[in-house]
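Enquirer: upload-v4.tsv is reproduced below (TSV, C-alpha atoms and all ligand atoms).
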chain	number	residue	atom	x	y	z
A	1	MET	CA	52.41	13.18	37.06
A	2	LYS	CA	53.36	16.59	35.76
A	3	THR	CA	56.23	16.88	33.32
A	4	LEU	CA	59.43	18.43	34.66
A	5	VAL	CA	60.76	21.39	32.68
A	6	SER	CA	64.44	22.20	32.31
A	7	PRO	CA	64.92	25.38	30.21
A	8	SER	CA	68.24	25.44	28.35
A	9	LEU	CA	70.34	28.51	29.10
A	10	LEU	CA	72.08	28.21	25.71
A	11	SER	CA	69.34	30.37	24.14
A	12	ALA	CA	69.37	33.01	26.89
A	13	ASN	CA	70.63	36.58	26.46
A	14	PHE	CA	74.26	36.21	27.57
A	15	LEU	CA	74.60	39.98	28.02
A	16	ASP	CA	71.98	39.84	30.73
A	17	LEU	CA	72.42	36.43	32.32
A	18	ARG	CA	71.46	37.63	35.80
A	19	SER	CA	67.98	38.71	34.63
A	20	GLU	CA	67.57	35.47	32.71
A	21	VAL	CA	68.42	33.39	35.79
A	22	GLU	CA	66.11	35.53	37.93
A	23	MET	CA	63.32	34.87	35.42
A	24	ILE	CA	64.01	31.13	35.81
A	25	ASN	CA	63.91	31.52	39.62
A	26	GLN	CA	60.47	33.13	39.40
A	27	SER	CA	59.11	30.64	36.88
A	28	GLU	CA	57.71	27.14	37.34
A	29	ALA	CA	60.86	25.64	35.80
A	30	ASP	CA	61.97	22.60	37.79
A	31	TRP	CA	65.63	22.67	36.77
A	32	LEU	CA	68.00	24.82	34.71
A	33	HIS	CA	69.72	22.99	31.84
A	34	MET	CA	73.29	24.12	31.11
A	35	ASP	CA	75.13	23.00	27.96
A	36	ILE	CA	78.91	22.73	28.12
A	37	MET	CA	80.62	22.24	24.73
A	38	ASP	CA	84.28	21.90	23.85
A	39	GLY	CA	84.49	22.24	20.06
A	40	VAL	CA	85.86	18.68	19.92
A	41	PHE	CA	82.99	16.36	20.82
A	42	VAL	CA	80.58	18.79	19.10
A	43	PRO	CA	81.30	21.40	16.42
A	44	ASN	CA	80.61	24.36	18.72
A	45	ILE	CA	81.90	25.95	21.93
A	46	SER	CA	79.42	27.34	24.45
A	47	PHE	CA	80.57	28.22	27.97
A	48	GLY	CA	82.55	26.55	30.72
A	49	PHE	CA	83.11	26.52	34.46
A	50	PRO	CA	83.38	30.28	35.12
A	51	VAL	CA	79.83	30.71	33.76
A	52	LEU	CA	78.54	27.54	35.45
A	53	GLU	CA	79.90	28.74	38.81
A	54	ALA	CA	78.48	32.25	38.43
A	55	VAL	CA	75.02	30.96	37.47
A	56	ALA	CA	75.08	28.39	40.30
A	57	LYS	CA	75.47	31.24	42.82
A	58	VAL	CA	72.23	32.98	41.79
A	59	CYS	CA	70.10	30.14	40.46
A	60	LYS	CA	67.61	28.71	42.95
A	61	LYS	CA	66.69	25.76	40.71
A	62	PRO	CA	68.77	22.57	40.59
A	63	LEU	CA	71.31	22.59	37.76
A	64	ASP	CA	70.99	19.93	35.08
A	65	VAL	CA	74.40	20.09	33.39
A	66	HIS	CA	74.82	18.55	29.93
A	67	PHE	CA	78.44	17.88	28.97
A	68	MET	CA	79.08	17.75	25.22
A	69	ILE	CA	82.81	17.31	25.69
A	70	ALA	CA	85.49	14.67	25.27
A	71	HIS	CA	86.68	13.14	28.57
A	72	PRO	CA	83.87	14.42	30.82
A	73	GLU	CA	85.23	12.18	33.60
A	74	GLU	CA	88.04	14.70	34.09
A	75	TYR	CA	85.55	17.35	35.26
A	76	ILE	CA	83.48	15.45	37.83
A	77	GLU	CA	85.01	17.04	40.94
A	78	LEU	CA	84.87	20.53	39.45
A	79	THR	CA	81.21	20.05	38.54
A	80	ALA	CA	80.33	18.73	42.00
A	81	LYS	CA	81.98	21.82	43.55
A	82	THR	CA	79.54	24.12	41.73
A	83	GLY	CA	76.69	22.37	43.55
A	84	ALA	CA	75.20	20.96	40.31
A	85	MET	CA	72.42	18.45	40.90
A	86	MET	CA	72.77	16.34	37.72
A	87	MET	CA	75.79	15.59	35.55
A	88	ASN	CA	74.87	14.27	32.10
A	89	VAL	CA	77.66	12.64	30.11
A	90	HIS	CA	77.46	11.31	26.56
A	91	TYR	CA	77.57	7.56	26.03
A	92	GLU	CA	79.65	8.29	22.91
A	93	ALA	CA	82.27	10.22	24.95
A	94	CYS	CA	82.81	7.67	27.73
A	95	THR	CA	85.01	4.63	27.23
A	96	HIS	CA	84.40	3.48	30.81
A	97	LEU	CA	80.85	4.66	31.33
A	98	HIS	CA	80.15	2.48	34.36
A	99	ARG	CA	83.16	3.88	36.20
A	100	THR	CA	82.22	7.45	35.25
A	101	ILE	CA	78.67	6.94	36.57
A	102	GLN	CA	80.07	5.58	39.85
A	103	GLN	CA	82.42	8.56	40.16
A	104	ILE	CA	79.58	11.04	39.55
A	105	HIS	CA	77.58	9.37	42.33
A	106	ALA	CA	80.59	9.29	44.64
A	107	ALA	CA	80.97	13.05	44.09
A	108	GLY	CA	77.41	13.51	45.37
A	109	MET	CA	75.55	14.21	42.11
A	110	LYS	CA	72.87	12.43	40.15
A	111	ALA	CA	74.16	10.76	37.00
A	112	GLY	CA	72.62	11.02	33.55
A	113	VAL	CA	73.69	9.27	30.37
A	114	THR	CA	73.04	11.00	27.06
A	115	LEU	CA	72.50	9.37	23.66
A	116	ASN	CA	73.07	11.04	20.29
A	117	PRO	CA	70.24	10.62	17.76
A	118	SER	CA	72.08	7.77	15.98
A	119	THR	CA	72.88	5.78	19.13
A	120	PRO	CA	70.30	3.07	19.84
A	121	VAL	CA	68.61	2.70	23.23
A	122	CYS	CA	69.73	-0.97	23.47
A	123	VAL	CA	73.31	0.07	24.36
A	124	LEU	CA	71.95	1.06	27.79
A	125	GLU	CA	70.78	-2.45	28.68
A	126	ASP	CA	73.63	-3.07	31.15
A	127	ILE	CA	73.75	0.40	32.68
A	128	ILE	CA	70.07	1.36	32.95
A	129	CYS	CA	69.79	0.37	36.63
A	130	ASP	CA	72.83	2.49	37.54
A	131	VAL	CA	71.73	5.82	36.09
A	132	ASP	CA	69.27	8.39	37.42
A	133	MET	CA	68.34	9.69	34.00
A	134	VAL	CA	68.69	9.02	30.28
A	135	LEU	CA	68.90	12.13	28.11
A	136	LEU	CA	67.82	11.44	24.54
A	137	MET	CA	69.10	13.99	22.04
A	138	SER	CA	66.35	14.85	19.57
A	139	VAL	CA	68.77	16.96	17.48
A	140	ASN	CA	72.45	16.46	16.78
A	141	PRO	CA	74.11	18.18	19.74
A	142	GLY	CA	75.91	21.49	19.42
A	143	PHE	CA	73.32	24.13	18.57
A	144	GLY	CA	70.01	25.50	19.74
A	145	GLY	CA	67.06	26.07	17.44
A	146	GLN	CA	67.36	22.92	15.32
A	147	LYS	CA	64.53	20.80	13.94
A	148	PHE	CA	63.23	17.94	16.08
A	149	ILE	CA	64.20	14.48	14.80
A	150	GLU	CA	60.96	12.51	14.55
A	151	ASN	CA	62.52	9.10	15.33
A	152	THR	CA	62.94	10.30	18.94
A	153	ILE	CA	59.32	9.39	19.71
A	154	LYS	CA	60.07	5.73	18.87
A	155	LYS	CA	63.24	5.89	20.98
A	156	VAL	CA	61.23	7.19	23.95
A	157	GLU	CA	58.87	4.22	23.61
A	158	ARG	CA	61.77	1.75	23.42
A	159	LEU	CA	63.49	3.38	26.40
A	160	ARG	CA	60.31	3.32	28.46
A	161	LYS	CA	60.01	-0.41	27.78
A	162	LEU	CA	63.65	-1.02	28.76
A	163	ILE	CA	63.26	0.97	32.00
A	164	LYS	CA	60.09	-0.90	32.93
A	165	GLU	CA	61.47	-4.36	32.15
A	166	SER	CA	64.70	-3.65	34.07
A	167	HIS	CA	62.85	-2.19	37.09
A	168	SER	CA	65.02	0.92	36.71
A	169	ASN	CA	64.05	4.27	38.24
A	170	ALA	CA	65.72	6.29	35.49
A	171	LEU	CA	63.92	9.39	34.28
A	172	ILE	CA	63.63	10.11	30.55
A	173	GLU	CA	64.72	13.56	29.38
A	174	VAL	CA	64.55	14.86	25.81
A	175	ASP	CA	66.64	17.75	24.45
A	176	GLY	CA	66.37	19.52	21.10
A	177	GLY	CA	63.50	21.03	19.13
A	178	VAL	CA	61.09	20.87	22.06
A	179	GLN	CA	58.32	23.40	21.32
A	180	ALA	CA	54.51	23.77	21.16
A	181	GLU	CA	54.00	21.00	18.62
A	182	THR	CA	56.53	18.40	19.84
A	183	ALA	CA	56.22	18.83	23.64
A	184	PRO	CA	52.67	17.38	24.00
A	185	ARG	CA	53.64	14.36	21.88
A	186	LEU	CA	56.76	13.78	23.98
A	187	ALA	CA	54.82	14.05	27.23
A	188	LYS	CA	52.26	11.58	25.87
A	189	ALA	CA	55.04	9.16	24.92
A	190	GLY	CA	56.24	9.20	28.54
A	191	VAL	CA	59.04	11.78	28.68
A	192	ASN	CA	59.60	12.91	32.28
A	193	VAL	CA	61.79	15.96	31.67
A	194	LEU	CA	61.56	18.40	28.76
A	195	VAL	CA	64.59	20.55	27.92
A	196	SER	CA	63.68	23.61	25.90
A	197	GLY	CA	66.00	26.38	24.78
A	198	SER	CA	64.89	28.69	21.98
A	199	TYR	CA	61.16	28.01	22.48
A	200	VAL	CA	61.41	29.31	26.07
A	201	PHE	CA	64.07	32.03	25.92
A	202	LYS	CA	63.09	33.53	22.54
A	203	SER	CA	59.39	33.64	23.39
A	204	THR	CA	57.75	36.98	24.25
A	205	ASP	CA	56.71	35.67	27.67
A	206	PRO	CA	59.09	32.90	28.85
A	207	ILE	CA	57.29	32.51	32.22
A	208	SER	CA	54.01	31.65	30.42
A	209	THR	CA	55.82	29.38	27.97
A	210	ILE	CA	57.31	27.45	30.91
A	211	HIS	CA	53.86	27.33	32.51
A	212	ALA	CA	52.36	25.84	29.32
A	213	LEU	CA	55.06	23.13	29.28
A	214	LYS	CA	54.34	22.39	32.97
A	215	GLU	CA	50.69	21.72	32.16
A	216	LEU	CA	51.55	18.70	30.01
A	217	LYS	CA	50.63	15.40	31.62
A	218	GLN	CA	52.29	12.04	31.23
A	219	PRO	CA	50.55	8.70	30.79
A	220	GLU	CA	49.42	7.04	34.04
A	221	ASP	CA	51.36	3.73	34.03
A	301	LIG	C1	71.92	21.34	21.90
A	301	LIG	C2	71.71	21.51	23.38
A	301	LIG	C3	70.35	21.91	23.78
A	301	LIG	C4	69.84	23.20	23.16
A	301	LIG	C5	68.42	22.94	22.79
A	301	LIG	O1	73.08	20.65	21.67
A	301	LIG	O2	72.03	20.33	24.09
A	301	LIG	O3	70.16	21.91	25.19
A	301	LIG	O4	69.92	24.32	23.98
A	301	LIG	O5	67.93	24.01	22.10
A	301	LIG	P1	66.48	24.04	21.44
A	301	LIG	O6	65.48	23.78	22.53
A	301	LIG	O7	66.40	25.43	20.88
A	301	LIG	O8	66.47	22.97	20.38
A	302	ZN	ZN	71.46	20.16	26.24
Can you dump the structure from the file as structure tokens?

Expert:
Amino acid sequence: MKTLVSPSLLSANFLDLRSEVEMINQSEADWLHMDIMDGVFVPNISFGFPVLEAVAKVCKKPLDVHFMIAHPEEYIELTAKTGAMMMNVHYEACTHLHRTIQQIHAAGMKAGVTLNPSTPVCVLEDIICDVDMVLLMSVNPGFGGQKFIENTIKKVERLRKLIKESHSNALIEVDGGVQAETAPRLAKAGVNVLVSGSYVFKSTDPISTIHALKELKQPED
């Protein structure tokens, strides 16, 4: 199976978002990853619903929205209205994660649960069959262009084991520091979806960079 690629808009040129989204439309990207930050859950503020709605109108790829905010459950309806395909919420931000996952599904979206680098995979044991995707952060969330945290490879292996043993259909997505050196190792470890921000958008030829990521194959089993 080919790896899915979800370029992260956080590293795009915000003065020319339309061209950036059109580039994504023409590329082999499977999804577009959009990072929403509130300056509370993470020490940075990115963009919010006005930008998400505007991008949703011109983007032909499904939107993979990553909420780095406190109380993401308060924004489920608003997110569904934009037509977003996937709503990723942080495990660390959700007191009633099971309810939030059910509400995301009821609103017609796929539900992803995100883990910070310090949160172990084992906390997902009782929710793994209810989610469509697990997003493993391979940097501390909040900023693009950070160094990949090496322990993520071990987490991918542990998560793959948990998914298999639980007969879950959850996809594994990794976000942070995904570039030429780390992407092949992540694909080999069994990552289904690669998020990549600065490596794609700051490259001289983003379409070719996305193509190179698409060429990565996952293990057979
Ligand atoms: C970081 C965001 C990422 C970010 C990744 O908190 O969740 O999606 O854009 O950027 P790179 O790929 O540059 O590490
Ligand atoms: Zn992200």

Enquirer: If you measure from CA of Leu17 in chain A to CA of Gln146 in chain A, what distance in Å do you get, rounded to one decimal?

Expert: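 Here the two named atoms are 22.3 Å from each other.
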
Enquirer: Write out as a Markdown table a residue-level contact list of chain A versus ligand ZN 302 (chain A) with cut-off 8 Å: for each qualifying residue the closest pair of atoms and the distance in Å to one decimal, counting all atoms listed in the file, rows sorted by chain and residue number upward.

Expert:
| residue | atom | partner | partner_atom | distance |
| --- | --- | --- | --- | --- |
| A:Ser8 | CA | A:ZN302 | ZN | 6.5 |
| A:His33 | CA | A:ZN302 | ZN | 6.5 |
| A:Met34 | CA | A:ZN302 | ZN | 6.5 |
| A:Asp35 | CA | A:ZN302 | ZN | 4.9 |
| A:Val65 | CA | A:ZN302 | ZN | 7.7 |
| A:His66 | CA | A:ZN302 | ZN | 5.2 |
| A:Phe67 | CA | A:ZN302 | ZN | 7.8 |
| A:Met137 | CA | A:ZN302 | ZN | 7.8 |
| A:Pro141 | CA | A:ZN302 | ZN | 7.3 |
| A:Asp175 | CA | A:ZN302 | ZN | 5.7 |
| A:Gly176 | CA | A:ZN302 | ZN | 7.3 |
| A:Val195 | CA | A:ZN302 | ZN | 7.1 |

Enquirer: Restricting it to C-alpha atoms, dump the selection as an mmCIF file, in the frame of the given file.

Expert:
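The file below, out21.cif, is the result:
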data_model
loop_
_atom_site.group_PDB
_atom_site.id
_atom_site.type_symbol
_atom_site.label_atom_id
_atom_site.label_comp_id
_atom_site.auth_asym_id
_atom_site.auth_seq_id
_atom_site.Cartn_x
_atom_site.Cartn_y
_atom_site.Cartn_z
ATOM 1 C CA SER A 8 68.240 25.440 28.350
ATOM 2 C CA HIS A 33 69.720 22.990 31.840
ATOM 3 C CA MET A 34 73.290 24.120 31.110
ATOM 4 C CA ASP A 35 75.130 23.000 27.960
ATOM 5 C CA VAL A 65 74.400 20.090 33.390
ATOM 6 C CA HIS A 66 74.820 18.550 29.930
ATOM 7 C CA PHE A 67 78.440 17.880 28.970
ATOM 8 C CA MET A 137 69.100 13.990 22.040
ATOM 9 C CA PRO A 141 74.110 18.180 19.740
ATOM 10 C CA ASP A 175 66.640 17.750 24.450
ATOM 11 C CA GLY A 176 66.370 19.520 21.100
ATOM 12 C CA VAL A 195 64.590 20.550 27.920
#

Enquirer: Within 9 Å of ligand LIG 301 (chain A), counting only C-alpha atoms and all ligand atoms: which residues, as a ChimeraX atom specification?

Expert: /A:7-11,33-37,42,44,66-68,137-148,175-179,195-202

Enquirer: Residues near Met86 in chain A, anyone? I mean within 7 Å using all atoms listed in the file, not counting same-chain ones fewer than 6 positions away, as a list in words.

Expert: Leu63, Asp64, Val65, Met109, Lys110, Ala111 and Gly112 of chain A

Enquirer: Counting all atoms listed in the file, what is within 10 Å of Asp126 in chain A, bar same-chain residues fewer than 3 positions away, as a list in words?

Expert: His98, Cys122, Val123, Cys129, Asp130 and Ser166 of chain A
